[in-house]
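Reproduced below: upload.cif, with mmCIF, C-alpha atoms.
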data_target
loop_
_atom_site.label_atom_id
_atom_site.label_comp_id
_atom_site.auth_asym_id
_atom_site.auth_seq_id
_atom_site.Cartn_x
_atom_site.Cartn_y
_atom_site.Cartn_z
CA MET Z 1 51.73 145.86 50.08
CA ARG Z 2 49.57 142.77 50.11
CA SER Z 3 48.81 141.28 53.50
CA LYS Z 4 49.82 137.66 54.13
CA VAL Z 5 47.22 137.24 56.82
CA VAL Z 6 44.78 134.45 56.02
CA SER Z 7 42.33 132.24 57.92
CA ILE Z 8 43.55 129.00 59.48
CA GLU Z 9 41.36 127.05 57.03
CA GLN Z 10 42.94 128.82 54.07
CA ALA Z 11 46.44 128.14 55.35
CA LEU Z 12 45.59 124.48 55.92
CA SER Z 13 44.59 124.07 52.26
CA VAL Z 14 48.28 123.51 51.43
CA ILE Z 15 48.46 120.46 53.73
CA LYS Z 16 47.24 117.28 52.03
CA ASP Z 17 47.63 113.52 52.37
CA GLY Z 18 51.33 112.70 52.09
CA THR Z 19 52.57 116.26 52.64
CA LYS Z 20 56.12 116.62 53.93
CA LEU Z 21 55.59 118.93 56.86
CA MET Z 22 58.01 120.67 59.19
CA VAL Z 23 56.63 121.52 62.60
CA GLY Z 24 58.39 123.93 64.93
CA GLY Z 25 58.58 123.37 68.66
CA PHE Z 26 60.50 121.50 71.32
CA GLY Z 27 58.43 119.24 73.56
CA GLY Z 28 55.42 121.17 72.28
CA VAL Z 29 56.84 124.52 73.42
CA GLY Z 30 56.72 126.68 70.32
CA SER Z 31 54.53 124.31 68.31
CA PRO Z 32 51.57 126.00 66.56
CA PRO Z 33 48.48 124.81 68.46
CA SER Z 34 45.72 126.06 66.16
CA LEU Z 35 47.32 124.70 62.98
CA ILE Z 36 47.89 121.35 64.71
CA GLU Z 37 44.25 121.28 65.79
CA GLY Z 38 43.28 122.13 62.20
CA ILE Z 39 45.40 119.26 60.82
CA MET Z 40 43.62 116.86 63.18
CA ASN Z 41 40.18 118.14 62.20
CA LYS Z 42 41.08 117.96 58.53
CA GLY Z 43 42.12 114.31 58.96
CA VAL Z 44 44.93 114.33 56.39
CA LYS Z 45 46.92 111.10 56.44
CA ASP Z 46 50.30 109.66 55.58
CA LEU Z 47 52.16 112.81 56.60
CA THR Z 48 55.93 112.97 56.74
CA ILE Z 49 56.71 115.07 59.80
CA ILE Z 50 59.99 116.75 60.53
CA CYS Z 51 60.05 117.92 64.12
CA ASN Z 52 62.61 118.21 66.92
CA ASP Z 53 60.77 115.50 68.88
CA ALA Z 54 57.43 113.66 68.93
CA GLY Z 55 55.99 115.96 71.59
CA PHE Z 56 53.86 114.35 74.26
CA PRO Z 57 50.81 112.20 73.39
CA HIS Z 58 48.48 115.15 74.04
CA ILE Z 59 50.87 118.03 73.37
CA GLY Z 60 52.19 119.56 70.17
CA ILE Z 61 52.79 117.36 67.14
CA GLY Z 62 52.37 114.39 69.48
CA LYS Z 63 48.61 114.85 69.05
CA VAL Z 64 48.87 114.28 65.30
CA VAL Z 65 51.19 111.29 65.81
CA SER Z 66 48.80 109.79 68.38
CA ASN Z 67 45.97 110.37 65.90
CA ARG Z 68 47.81 108.09 63.41
CA GLN Z 69 48.09 110.71 60.70
CA VAL Z 70 51.86 110.32 60.37
CA SER Z 71 53.68 107.59 58.44
CA HIS Z 72 57.22 109.02 58.53
CA LEU Z 73 58.90 110.98 61.27
CA ILE Z 74 62.30 112.61 61.01
CA THR Z 75 63.26 113.64 64.52
CA SER Z 76 65.86 113.51 67.28
CA HIS Z 77 63.78 112.15 70.15
CA ILE Z 78 60.50 110.33 70.79
CA GLY Z 79 61.00 109.45 74.45
CA SER Z 80 58.31 111.82 75.72
CA ASN Z 81 55.66 110.25 73.47
CA PRO Z 82 55.18 106.52 74.23
CA VAL Z 83 52.50 106.33 71.52
CA ALA Z 84 55.16 107.16 68.92
CA GLY Z 85 57.36 104.36 70.28
CA ARG Z 86 54.48 101.89 70.13
CA LEU Z 87 53.51 102.83 66.56
CA MET Z 88 57.15 102.54 65.55
CA HIS Z 89 57.44 99.04 66.98
CA GLU Z 90 54.14 98.02 65.40
CA GLY Z 91 55.54 99.12 62.04
CA GLU Z 92 52.95 101.87 61.54
CA LEU Z 93 55.40 104.71 61.91
CA GLU Z 94 58.80 104.88 60.29
CA VAL Z 95 61.20 106.95 62.37
CA GLU Z 96 64.49 108.41 61.17
CA PHE Z 97 66.59 109.54 64.12
CA CYS Z 98 69.03 112.37 63.74
CA PRO Z 99 71.16 113.99 66.46
CA GLN Z 100 69.40 117.19 67.45
CA GLY Z 101 72.14 119.61 66.48
CA THR Z 102 72.56 117.89 63.14
CA LEU Z 103 68.81 118.00 62.54
CA ALA Z 104 68.84 121.74 63.21
CA GLU Z 105 71.72 122.28 60.77
CA ARG Z 106 70.17 120.07 58.06
CA ILE Z 107 67.00 122.15 58.27
CA ARG Z 108 68.96 125.39 58.33
CA ALA Z 109 70.96 124.21 55.30
CA GLY Z 110 67.73 123.48 53.46
CA GLY Z 111 66.45 126.90 54.42
CA VAL Z 112 69.49 128.77 53.12
CA GLY Z 113 69.91 126.85 49.90
CA LEU Z 114 72.81 124.58 50.77
CA GLY Z 115 73.05 120.93 49.78
CA GLY Z 116 73.90 119.84 53.30
CA VAL Z 117 76.43 120.21 56.06
CA LEU Z 118 79.56 118.37 57.19
CA SER Z 119 79.41 117.06 60.73
CA ASP Z 120 81.30 114.57 62.87
CA ILE Z 121 78.52 114.15 65.44
CA GLY Z 122 77.85 110.44 65.85
CA ILE Z 123 80.54 109.47 63.35
CA ASP Z 124 81.38 106.20 65.10
CA SER Z 125 77.84 105.31 66.15
CA VAL Z 126 74.96 103.57 64.41
CA ILE Z 127 73.96 106.77 62.65
CA ASP Z 128 77.04 106.84 60.47
CA LYS Z 129 75.88 103.77 58.53
CA ASP Z 130 75.51 104.51 54.82
CA LYS Z 131 76.61 108.11 55.28
CA GLN Z 132 78.95 109.58 52.72
CA LYS Z 133 82.25 110.69 54.29
CA VAL Z 134 84.59 113.43 53.26
CA GLU Z 135 87.94 114.53 54.57
CA VAL Z 136 88.50 118.23 55.12
CA SER Z 137 91.73 119.60 56.61
CA GLY Z 138 92.67 116.14 57.83
CA LYS Z 139 89.39 115.46 59.63
CA THR Z 140 86.65 113.07 58.55
CA TYR Z 141 83.09 114.32 58.43
CA MET Z 142 79.77 112.85 57.41
CA VAL Z 143 77.76 114.52 54.70
CA GLU Z 144 74.43 115.38 56.27
CA PRO Z 145 71.98 116.26 53.51
CA ALA Z 146 69.82 119.35 53.76
CA ILE Z 147 66.15 118.95 54.60
CA THR Z 148 63.36 120.99 53.09
CA ALA Z 149 59.62 120.47 53.29
CA ASP Z 150 56.49 121.11 51.26
CA VAL Z 151 55.10 123.07 54.17
CA ALA Z 152 56.57 124.44 57.39
CA ILE Z 153 54.29 125.46 60.24
CA VAL Z 154 55.86 127.57 62.94
CA TYR Z 155 54.76 129.40 66.05
CA ALA Z 156 55.84 132.90 66.97
CA LYS Z 157 55.07 135.78 69.25
CA LYS Z 158 54.37 138.45 66.66
CA ALA Z 159 54.31 138.89 62.92
CA ASP Z 160 53.47 141.92 60.88
CA THR Z 161 51.19 141.55 57.88
CA LEU Z 162 54.24 141.09 55.62
CA GLY Z 163 55.32 138.05 57.63
CA ASN Z 164 58.24 139.60 59.49
CA VAL Z 165 58.47 137.49 62.64
CA ILE Z 166 59.75 137.66 66.19
CA TYR Z 167 59.70 134.76 68.63
CA ASP Z 168 59.28 134.35 72.38
CA LYS Z 169 61.99 133.01 74.72
CA SER Z 170 62.58 129.26 74.42
CA ALA Z 171 59.59 128.94 72.07
CA ARG Z 172 62.00 130.03 69.34
CA ASN Z 173 63.94 126.70 69.10
CA MET Z 174 63.63 125.16 65.59
CA ASN Z 175 61.04 127.70 64.41
CA PRO Z 176 63.27 130.24 62.62
CA LEU Z 177 65.17 127.41 60.87
CA MET Z 178 62.00 125.71 59.67
CA ALA Z 179 60.48 129.03 58.63
CA MET Z 180 63.25 129.22 56.01
CA ALA Z 181 63.06 125.58 54.92
CA GLY Z 182 59.42 125.22 53.95
CA THR Z 183 58.38 125.70 50.32
CA THR Z 184 55.24 127.16 51.88
CA THR Z 185 55.72 128.55 55.37
CA VAL Z 186 52.78 129.30 57.60
CA VAL Z 187 53.40 131.29 60.77
CA GLU Z 188 50.88 131.08 63.59
CA VAL Z 189 51.28 134.03 65.90
CA GLU Z 190 50.02 135.23 69.22
CA GLU Z 191 49.68 138.73 67.81
CA ILE Z 192 49.46 140.19 64.31
CA VAL Z 193 50.74 143.76 64.06
CA GLU Z 194 50.85 146.40 61.35
CA VAL Z 195 53.86 146.83 59.09
CA SER Z 196 56.49 149.00 60.84
CA ALA Z 197 55.24 148.04 64.30
CA LEU Z 198 58.30 145.79 64.65
CA SER Z 199 61.76 147.30 64.57
CA PRO Z 200 63.79 146.00 61.59
CA GLU Z 201 66.53 145.36 64.16
CA GLU Z 202 64.50 142.87 66.18
CA ILE Z 203 63.05 140.80 63.32
CA VAL Z 204 64.36 137.23 63.43
CA THR Z 205 62.65 135.78 60.36
CA PRO Z 206 62.34 138.24 57.48
CA GLY Z 207 58.96 138.07 55.77
CA ILE Z 208 60.48 136.90 52.49
CA PHE Z 209 60.43 133.34 53.88
CA VAL Z 210 56.80 133.50 54.97
CA LYS Z 211 53.78 132.77 52.77
CA TYR Z 212 50.93 132.98 55.26
CA VAL Z 213 50.34 134.49 58.69
CA VAL Z 214 47.50 133.19 60.84
CA GLN Z 215 46.14 134.33 64.19
CA SER Z 216 46.58 131.72 66.93
CA LYS Z 217 43.64 130.73 69.07
CA GLY Z 218 46.08 129.87 71.83
CA VAL Z 219 47.37 126.66 73.34
CA ASP Z 220 44.55 124.13 73.77
CA TRP Z 221 46.50 121.42 75.60
CA LYS Z 222 47.56 121.05 79.21
CA TRP Z 223 51.31 121.24 79.76
CA VAL Z 224 53.04 118.35 81.53
CA TRP Z 225 53.75 120.56 84.52
CA GLU Z 226 50.17 121.73 84.96
CA ASN Z 227 47.93 120.16 87.62
CA GLN Z 228 50.60 117.94 89.04
CA MET L 1 63.64 105.18 88.35
CA GLY L 2 63.65 102.78 91.25
CA MET L 3 65.70 105.14 93.35
CA GLY L 4 64.58 106.65 96.60
CA GLU L 5 64.44 110.43 96.73
CA SER L 6 67.45 110.52 99.02
CA VAL L 7 69.62 108.54 96.61
CA ARG L 8 68.67 110.84 93.73
CA ASP L 9 69.54 113.83 95.87
CA MET L 10 72.77 112.24 97.02
CA LEU L 11 73.87 111.66 93.41
CA ALA L 12 72.92 115.21 92.46
CA ARG L 13 74.85 116.60 95.44
CA ARG L 14 77.96 114.65 94.48
CA ALA L 15 77.73 115.73 90.84
CA ALA L 16 77.35 119.36 91.94
CA GLN L 17 80.83 119.20 93.53
CA GLU L 18 82.33 118.89 90.04
CA ILE L 19 80.94 122.26 88.98
CA LYS L 20 83.30 125.19 89.47
CA ASP L 21 82.69 128.92 89.42
CA GLY L 22 82.39 130.36 85.93
CA MET L 23 81.55 127.16 84.12
CA ILE L 24 78.98 126.64 81.35
CA VAL L 25 76.94 123.58 82.27
CA ASN L 26 74.34 121.51 80.46
CA LEU L 27 72.14 119.19 82.50
CA GLY L 28 70.19 116.22 81.19
CA ILE L 29 66.70 115.36 82.37
CA GLY L 30 66.01 113.42 85.57
CA ILE L 31 68.61 113.40 88.33
CA PRO L 32 70.95 115.86 86.55
CA SER L 33 68.19 118.48 86.72
CA LEU L 34 68.43 118.34 90.56
CA VAL L 35 72.11 119.37 90.52
CA PRO L 36 71.51 123.17 90.80
CA ASN L 37 69.85 122.58 94.19
CA TYR L 38 73.26 121.60 95.59
CA LEU L 39 75.50 124.31 94.17
CA SER L 40 77.25 126.45 96.71
CA PRO L 41 76.03 130.08 96.58
CA ASP L 42 79.50 131.32 95.64
CA VAL L 43 79.59 129.13 92.54
CA HIS L 44 78.15 131.15 89.66
CA VAL L 45 77.57 129.21 86.48
CA MET L 46 75.60 129.64 83.27
CA PHE L 47 73.24 126.75 82.64
CA HIS L 48 72.90 126.00 78.95
CA ALA L 49 69.74 124.36 77.63
CA GLU L 50 69.81 122.99 74.11
CA ASN L 51 66.34 124.35 73.39
CA GLY L 52 67.91 127.78 73.25
CA VAL L 53 68.50 129.24 76.70
CA LEU L 54 71.89 130.26 78.04
CA GLY L 55 71.57 131.39 81.65
CA MET L 56 68.73 129.18 82.82
CA GLY L 57 67.55 129.86 86.38
CA PRO L 58 65.50 128.00 88.99
CA THR L 59 61.97 126.67 88.65
CA PRO L 60 59.45 129.54 88.91
CA GLN L 61 56.97 129.88 91.74
CA LEU L 62 53.69 128.03 91.31
CA GLY L 63 51.43 130.14 89.13
CA GLU L 64 54.32 132.15 87.68
CA GLU L 65 55.21 129.64 84.97
CA ASP L 66 55.68 130.87 81.41
CA ALA L 67 54.84 128.14 78.87
CA ASN L 68 57.25 129.78 76.41
CA LEU L 69 60.17 129.48 78.83
CA CYS L 70 60.97 125.86 79.49
CA ASN L 71 64.01 123.60 79.78
CA ALA L 72 64.84 120.80 77.37
CA ALA L 73 62.50 118.46 79.24
CA GLY L 74 59.54 120.79 78.72
CA TYR L 75 59.36 122.08 82.30
CA PRO L 76 59.16 125.78 83.17
CA VAL L 77 62.31 127.60 84.20
CA THR L 78 63.39 131.18 84.78
CA VAL L 79 66.45 133.04 83.54
CA THR L 80 69.31 134.58 85.45
CA GLU L 81 71.12 137.86 84.93
CA GLY L 82 72.96 137.93 81.61
CA ALA L 83 70.80 135.23 80.02
CA SER L 84 70.17 135.01 76.29
CA TYR L 85 67.86 133.11 73.96
CA CYS L 86 68.81 131.59 70.63
CA ASP L 87 67.50 129.12 68.08
CA SER L 88 68.42 125.42 68.05
CA SER L 89 71.14 125.90 65.46
CA ILE L 90 73.03 128.36 67.64
CA ALA L 91 72.34 126.37 70.83
CA PHE L 92 74.07 123.39 69.24
CA GLY L 93 76.73 125.58 67.73
CA MET L 94 77.78 126.38 71.29
CA ILE L 95 77.98 122.65 71.99
CA ARG L 96 79.91 121.66 68.84
CA ARG L 97 82.38 124.50 69.33
CA GLY L 98 83.33 122.97 72.67
CA LEU L 99 81.97 125.79 74.82
CA ILE L 100 80.19 123.51 77.30
CA ASP L 101 82.48 122.83 80.28
CA ILE L 102 80.43 120.06 81.84
CA THR L 103 77.49 118.00 80.73
CA ILE L 104 75.76 115.74 83.24
CA LEU L 105 73.53 113.02 81.83
CA GLY L 106 71.96 109.66 82.55
CA ALA L 107 73.01 106.39 80.92
CA LEU L 108 71.82 102.88 80.19
CA GLN L 109 75.39 101.54 80.01
CA VAL L 110 78.93 102.89 80.22
CA SER L 111 82.02 100.93 79.20
CA GLU L 112 85.40 100.95 80.92
CA LYS L 113 86.70 103.03 78.01
CA GLY L 114 84.04 105.65 78.60
CA ASP L 115 81.72 104.57 75.79
CA LEU L 116 78.19 105.81 76.47
CA ALA L 117 74.91 104.08 75.57
CA ASN L 118 71.82 106.04 76.45
CA TRP L 119 69.52 106.37 73.49
CA ILE L 120 67.99 103.05 72.53
CA VAL L 121 67.19 99.54 73.75
CA PRO L 122 66.52 97.87 70.39
CA ASN L 123 62.96 96.55 70.05
CA LYS L 124 62.09 97.74 73.55
CA ARG L 125 62.61 101.33 74.43
CA VAL L 126 63.52 104.24 72.18
CA PRO L 127 64.09 107.41 74.10
CA GLY L 128 65.89 108.80 71.07
CA ILE L 129 69.12 110.64 70.59
CA GLY L 130 67.97 114.15 71.40
CA GLY L 131 70.97 116.34 72.11
CA ALA L 132 72.92 113.61 73.89
CA MET L 133 75.16 112.71 70.96
CA ASP L 134 76.25 116.30 70.41
CA LEU L 135 76.73 116.92 74.13
CA ALA L 136 78.57 113.67 74.87
CA GLN L 137 80.94 114.06 71.94
CA LYS L 138 81.76 117.74 72.32
CA SER L 139 81.55 118.76 75.99
CA LYS L 140 84.85 119.25 77.79
CA LYS L 141 83.78 116.95 80.63
CA VAL L 142 81.03 114.34 80.56
CA ILE L 143 79.62 113.09 83.86
CA VAL L 144 77.21 110.19 83.96
CA VAL L 145 74.84 109.95 86.91
CA MET L 146 73.00 106.63 87.14
CA ASN L 147 72.09 103.51 89.13
CA HIS L 148 75.03 101.17 89.46
CA VAL L 149 72.93 98.23 88.22
CA ASP L 150 69.75 98.03 86.14
CA LYS L 151 66.36 97.02 87.55
CA TYR L 152 67.23 93.33 87.03
CA GLY L 153 70.46 93.75 88.98
CA ASN L 154 72.69 93.62 85.88
CA PRO L 155 75.80 95.80 85.93
CA LYS L 156 75.62 98.98 83.86
CA VAL L 157 79.36 99.62 84.01
CA LEU L 158 80.74 97.11 81.52
CA LYS L 159 83.83 96.01 79.63
CA GLU L 160 81.91 96.72 76.41
CA CYS L 161 78.45 98.23 76.01
CA SER L 162 75.97 95.80 74.46
CA LEU L 163 73.54 98.57 73.47
CA PRO L 164 74.06 100.91 70.51
CA LEU L 165 76.45 103.69 71.46
CA THR L 166 75.60 107.34 71.80
CA SER L 167 79.28 108.24 71.65
CA GLN L 168 82.62 106.48 72.02
CA ALA L 169 85.14 107.15 74.78
CA CYS L 170 83.36 110.31 75.90
CA VAL L 171 82.57 109.71 79.58
CA ASP L 172 85.01 111.19 82.11
CA MET L 173 83.26 110.33 85.35
CA ILE L 174 80.55 107.95 86.57
CA ILE L 175 78.62 108.73 89.74
CA THR L 176 76.37 106.00 91.12
CA GLU L 177 74.83 105.22 94.49
CA MET L 178 77.78 102.87 95.10
CA ALA L 179 80.82 104.66 93.78
CA VAL L 180 82.49 107.46 91.91
CA MET L 181 84.60 106.21 89.03
CA ALA L 182 86.85 108.11 86.66
CA VAL L 183 87.80 107.09 83.13
CA ARG L 184 91.53 107.71 82.86
CA ASP L 185 94.32 106.77 80.47
CA GLU L 186 95.04 103.67 82.53
CA GLY L 187 91.38 102.65 82.51
CA LEU L 188 88.45 102.81 84.86
CA VAL L 189 89.44 103.94 88.34
CA VAL L 190 87.31 103.65 91.46
CA GLU L 191 87.89 106.89 93.33
CA GLU L 192 85.22 106.91 96.02
CA ILE L 193 82.93 104.40 97.64
CA MET L 194 79.53 105.63 98.76
CA PRO L 195 78.50 104.35 102.17
CA PRO L 196 77.03 101.90 103.13
CA TYR L 197 78.56 100.07 100.14
CA THR L 198 82.01 98.47 100.22
CA LEU L 199 84.63 98.00 97.55
CA ASP L 200 83.53 94.36 97.34
CA ASP L 201 79.97 95.47 96.54
CA VAL L 202 81.28 97.74 93.80
CA LEU L 203 83.48 95.05 92.27
CA ARG L 204 80.65 92.50 92.41
CA CYS L 205 78.28 94.88 90.62
CA THR L 206 80.74 96.08 87.98
CA ASP L 207 81.47 94.00 84.89
CA ALA L 208 84.66 95.77 83.85
CA THR L 209 88.36 95.90 84.60
CA VAL L 210 88.60 98.25 87.51
CA HIS L 211 91.61 100.05 88.97
CA ILE L 212 91.53 101.40 92.46
CA THR L 213 93.15 104.62 93.61
CA PRO L 214 95.91 103.84 96.13
CA HIS L 215 94.30 106.06 98.71
CA LEU L 216 91.04 104.15 98.49
CA GLN L 217 92.81 100.79 98.78
CA GLU L 218 94.49 101.92 101.96
CA SER L 219 91.29 103.16 103.51
CA GLU L 220 89.63 99.87 102.65
CA LYS L 221 92.41 97.91 104.33
CA GLU L 222 92.22 99.84 107.54
#
Could you show the structure in this file as structure tokens?
Amino acid sequence: MRSKVVSIEQALSVIKDGTKLMVGGFGGVGSPPSLIEGIMNKGVKDLTIICNDAGFPHIGIGKVVSNRQVSHLITSHIGSNPVAGRLMHEGELEVEFCPQGTLAERIRAGGVGLGGVLSDIGIDSVIDKDKQKVEVSGKTYMVEPAITADVAIVYAKKADTLGNVIYDKSARNMNPLMAMAGTTTVVEVEEIVEVSALSPEEIVTPGIFVKYVVQSKGVDWKWVWENQ
Amino acid sequence: MGMGESVRDMLARRAAQEIKDGMIVNLGIGIPSLVPNYLSPDVHVMFHAENGVLGMGPTPQLGEEDANLCNAAGYPVTVTEGASYCDSSIAFGMIRRGLIDITILGALQVSEKGDLANWIVPNKRVPGIGGAMDLAQKSKKVIVVMNHVDKYGNPKVLKECSLPLTSQACVDMIITEMAVMAVRDEGLVVEEIMPPYTLDDVLRCTDATVHITPHLQESEKE
């Protein structure tokens, strides 16, 4: 069985100017630090990022946003990253807001080959503008289209060399959903193990969804709660 | 923001009284996150965090933090007995299915009909929607904890919200440093006045049609 383990540089070769990129994590927790660092060093521009939030200016995908490498952001929240708010108001960053649960389901739908999901979250708010509506069993729902991406980068606790993945506590968040929704999915892990080292029962993301596995160099940012 | 520590704690203590044994509770960031500090020891609840923790526990000791175990604001937490982790899809599945008994969140504005605005000040501030839309629309009870007026002294409890809505007619209770108000069928009802404020203060700082519980009226007259 061929190993999916590659170098970070090799994995990054799939990320180019204009790539539509899903990034796992929630406030930076569960975002892949070494791949993010690699994207910054590579200097690719005009990225479309799909992420739960905009991280913090120096944490998670927030670093790439602060570095002005992102032109489009599909997300639920940017409040923790004032740089994202400033770039948005200056017209440098286009932001599409989506309620968090709906974002998760749109990504999941993309990952499992559905066209979208029906949801009534936010149906009478500003987000229901221009949304197609359908009635099912007497209730009105919005059609929320599925989201896929050219590349998904996710962070996990362990993967075997076939790309079977398990996550760690709340660092799971959007990661398993995005792992399914990327045309090319790269998993950055704390530990790479041999095939059969993980119990089939505990695997959250089956390796079929994963193209590359890379070894993480660890988190290289300071968390908001550190040194306070 | 702009509130003394004691006011924040007072609001959190009052909100904690709404939480009953056995409930599933989701807390927003800021003042709502202080609520667990004021729960009576015989009230056992499961705290739900939309980043995928059911059974969130207190803040860990200094030096014992686990960067992979945080709340929805990105701060380290612990877990209690019976806790479970899940992905974002399942975390929000719990919310949409109506399994959250109480959600406590902050607000920019609330209308007398219980409309909630807390995600954007157009052209100024964009906190973003986050999980607030899902939580406000689907939780069994929505409690807003906030300042009674904004930093310019403008009322935040209004006839109609001027800011884009997070969700319509979703708020059940408003707790501020001045009053506790409930959104009922008959409209917005002042149920408690927080000392040292008076009913007059509350009415002056509220830009909505307000009903007053009979009990409160009597106590004000005395």
Using only C-alpha atoms, find which residues of chain L lie within 10 Å of chain Z and jot them down as a PDB file with C-alpha atoms, in the coordinates of the input.
ATOM      1  CA  ALA L  49      69.740 124.360  77.630  1.00  0.00           C
ATOM      2  CA  GLU L  50      69.810 122.990  74.110  1.00  0.00           C
ATOM      3  CA  ASN L  51      66.340 124.350  73.390  1.00  0.00           C
ATOM      4  CA  GLY L  52      67.910 127.780  73.250  1.00  0.00           C
ATOM      5  CA  VAL L  53      68.500 129.240  76.700  1.00  0.00           C
ATOM      6  CA  LEU L  62      53.690 128.030  91.310  1.00  0.00           C
ATOM      7  CA  GLY L  63      51.430 130.140  89.130  1.00  0.00           C
ATOM      8  CA  GLU L  65      55.210 129.640  84.970  1.00  0.00           C
ATOM      9  CA  ASP L  66      55.680 130.870  81.410  1.00  0.00           C
ATOM     10  CA  ALA L  67      54.840 128.140  78.870  1.00  0.00           C
ATOM     11  CA  ASN L  68      57.250 129.780  76.410  1.00  0.00           C
ATOM     12  CA  LEU L  69      60.170 129.480  78.830  1.00  0.00           C
ATOM     13  CA  CYS L  70      60.970 125.860  79.490  1.00  0.00           C
ATOM     14  CA  ASN L  71      64.010 123.600  79.780  1.00  0.00           C
ATOM     15  CA  ALA L  72      64.840 120.800  77.370  1.00  0.00           C
ATOM     16  CA  ALA L  73      62.500 118.460  79.240  1.00  0.00           C
ATOM     17  CA  GLY L  74      59.540 120.790  78.720  1.00  0.00           C
ATOM     18  CA  TYR L  75      59.360 122.080  82.300  1.00  0.00           C
ATOM     19  CA  PRO L  76      59.160 125.780  83.170  1.00  0.00           C
ATOM     20  CA  VAL L  77      62.310 127.600  84.200  1.00  0.00           C
ATOM     21  CA  VAL L  79      66.450 133.040  83.540  1.00  0.00           C
ATOM     22  CA  SER L  84      70.170 135.010  76.290  1.00  0.00           C
ATOM     23  CA  TYR L  85      67.860 133.110  73.960  1.00  0.00           C
ATOM     24  CA  CYS L  86      68.810 131.590  70.630  1.00  0.00           C
ATOM     25  CA  ASP L  87      67.500 129.120  68.080  1.00  0.00           C
ATOM     26  CA  SER L  88      68.420 125.420  68.050  1.00  0.00           C
ATOM     27  CA  SER L  89      71.140 125.900  65.460  1.00  0.00           C
ATOM     28  CA  ILE L  90      73.030 128.360  67.640  1.00  0.00           C
ATOM     29  CA  ALA L  91      72.340 126.370  70.830  1.00  0.00           C
ATOM     30  CA  PHE L  92      74.070 123.390  69.240  1.00  0.00           C
ATOM     31  CA  GLY L  93      76.730 125.580  67.730  1.00  0.00           C
ATOM     32  CA  ILE L  95      77.980 122.650  71.990  1.00  0.00           C
ATOM     33  CA  ARG L  96      79.910 121.660  68.840  1.00  0.00           C
ATOM     34  CA  ALA L 117      74.910 104.080  75.570  1.00  0.00           C
ATOM     35  CA  TRP L 119      69.520 106.370  73.490  1.00  0.00           C
ATOM     36  CA  ILE L 120      67.990 103.050  72.530  1.00  0.00           C
ATOM     37  CA  PRO L 122      66.520  97.870  70.390  1.00  0.00           C
ATOM     38  CA  ASN L 123      62.960  96.550  70.050  1.00  0.00           C
ATOM     39  CA  LYS L 124      62.090  97.740  73.550  1.00  0.00           C
ATOM     40  CA  ARG L 125      62.610 101.330  74.430  1.00  0.00           C
ATOM     41  CA  VAL L 126      63.520 104.240  72.180  1.00  0.00           C
ATOM     42  CA  PRO L 127      64.090 107.410  74.100  1.00  0.00           C
ATOM     43  CA  GLY L 128      65.890 108.800  71.070  1.00  0.00           C
ATOM     44  CA  ILE L 129      69.120 110.640  70.590  1.00  0.00           C
ATOM     45  CA  GLY L 130      67.970 114.150  71.400  1.00  0.00           C
ATOM     46  CA  GLY L 131      70.970 116.340  72.110  1.00  0.00           C
ATOM     47  CA  ALA L 132      72.920 113.610  73.890  1.00  0.00           C
ATOM     48  CA  MET L 133      75.160 112.710  70.960  1.00  0.00           C
ATOM     49  CA  ASP L 134      76.250 116.300  70.410  1.00  0.00           C
ATOM     50  CA  LEU L 135      76.730 116.920  74.130  1.00  0.00           C
ATOM     51  CA  ALA L 136      78.570 113.670  74.870  1.00  0.00           C
ATOM     52  CA  GLN L 137      80.940 114.060  71.940  1.00  0.00           C
ATOM     53  CA  LYS L 138      81.760 117.740  72.320  1.00  0.00           C
ATOM     54  CA  PRO L 164      74.060 100.910  70.510  1.00  0.00           C
ATOM     55  CA  LEU L 165      76.450 103.690  71.460  1.00  0.00           C
ATOM     56  CA  THR L 166      75.600 107.340  71.800  1.00  0.00           C
ATOM     57  CA  SER L 167      79.280 108.240  71.650  1.00  0.00           C
ATOM     58  CA  GLN L 168      82.620 106.480  72.020  1.00  0.00           C
TER      59      GLN L 168
END
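Proximity of Z:Val64, Z:Leu73, Z:Val193, Z:Val210 to Val154 (chain Z), computed with only C-alpha atoms, is greatest for Z:Val210.
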9 Å contact set for His72 (chain Z), all atoms listed in the file, chain neighbours under 2 positions out, as a VMD selection string: chain Z and resid 20 46 to 50 70 74 92 to 96
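Separating CA of Asp201 (chain L) from CA of Val7 (chain L) is a distance of 16.7 Å.
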Explicit residue set for the PyMOL selection byres ((chain L and resi 20) around 12), as a PyMOL selection string: chain L and resi 15-19+21-25+39-46+101-102
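Residues lying within 8 Å of Ala181 (chain Z), counting all atoms listed in the file and ignoring same-chain neighbours fewer than 5 positions away, are Ile107, Arg108, Gly110, Gly111, Val112, Ile147, Thr148, Ala149 and Ala152 of chain Z.
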Store the residues picked out above in a file with C-alpha atoms, as an mmCIF file, keeping the file's coordinate frame.
data_model
loop_
_atom_site.group_PDB
_atom_site.id
_atom_site.type_symbol
_atom_site.label_atom_id
_atom_site.label_comp_id
_atom_site.auth_asym_id
_atom_site.auth_seq_id
_atom_site.Cartn_x
_atom_site.Cartn_y
_atom_site.Cartn_z
ATOM 1 C CA ILE Z 107 67.000 122.150 58.270
ATOM 2 C CA ARG Z 108 68.960 125.390 58.330
ATOM 3 C CA GLY Z 110 67.730 123.480 53.460
ATOM 4 C CA GLY Z 111 66.450 126.900 54.420
ATOM 5 C CA VAL Z 112 69.490 128.770 53.120
ATOM 6 C CA ILE Z 147 66.150 118.950 54.600
ATOM 7 C CA THR Z 148 63.360 120.990 53.090
ATOM 8 C CA ALA Z 149 59.620 120.470 53.290
ATOM 9 C CA ALA Z 152 56.570 124.440 57.390
#
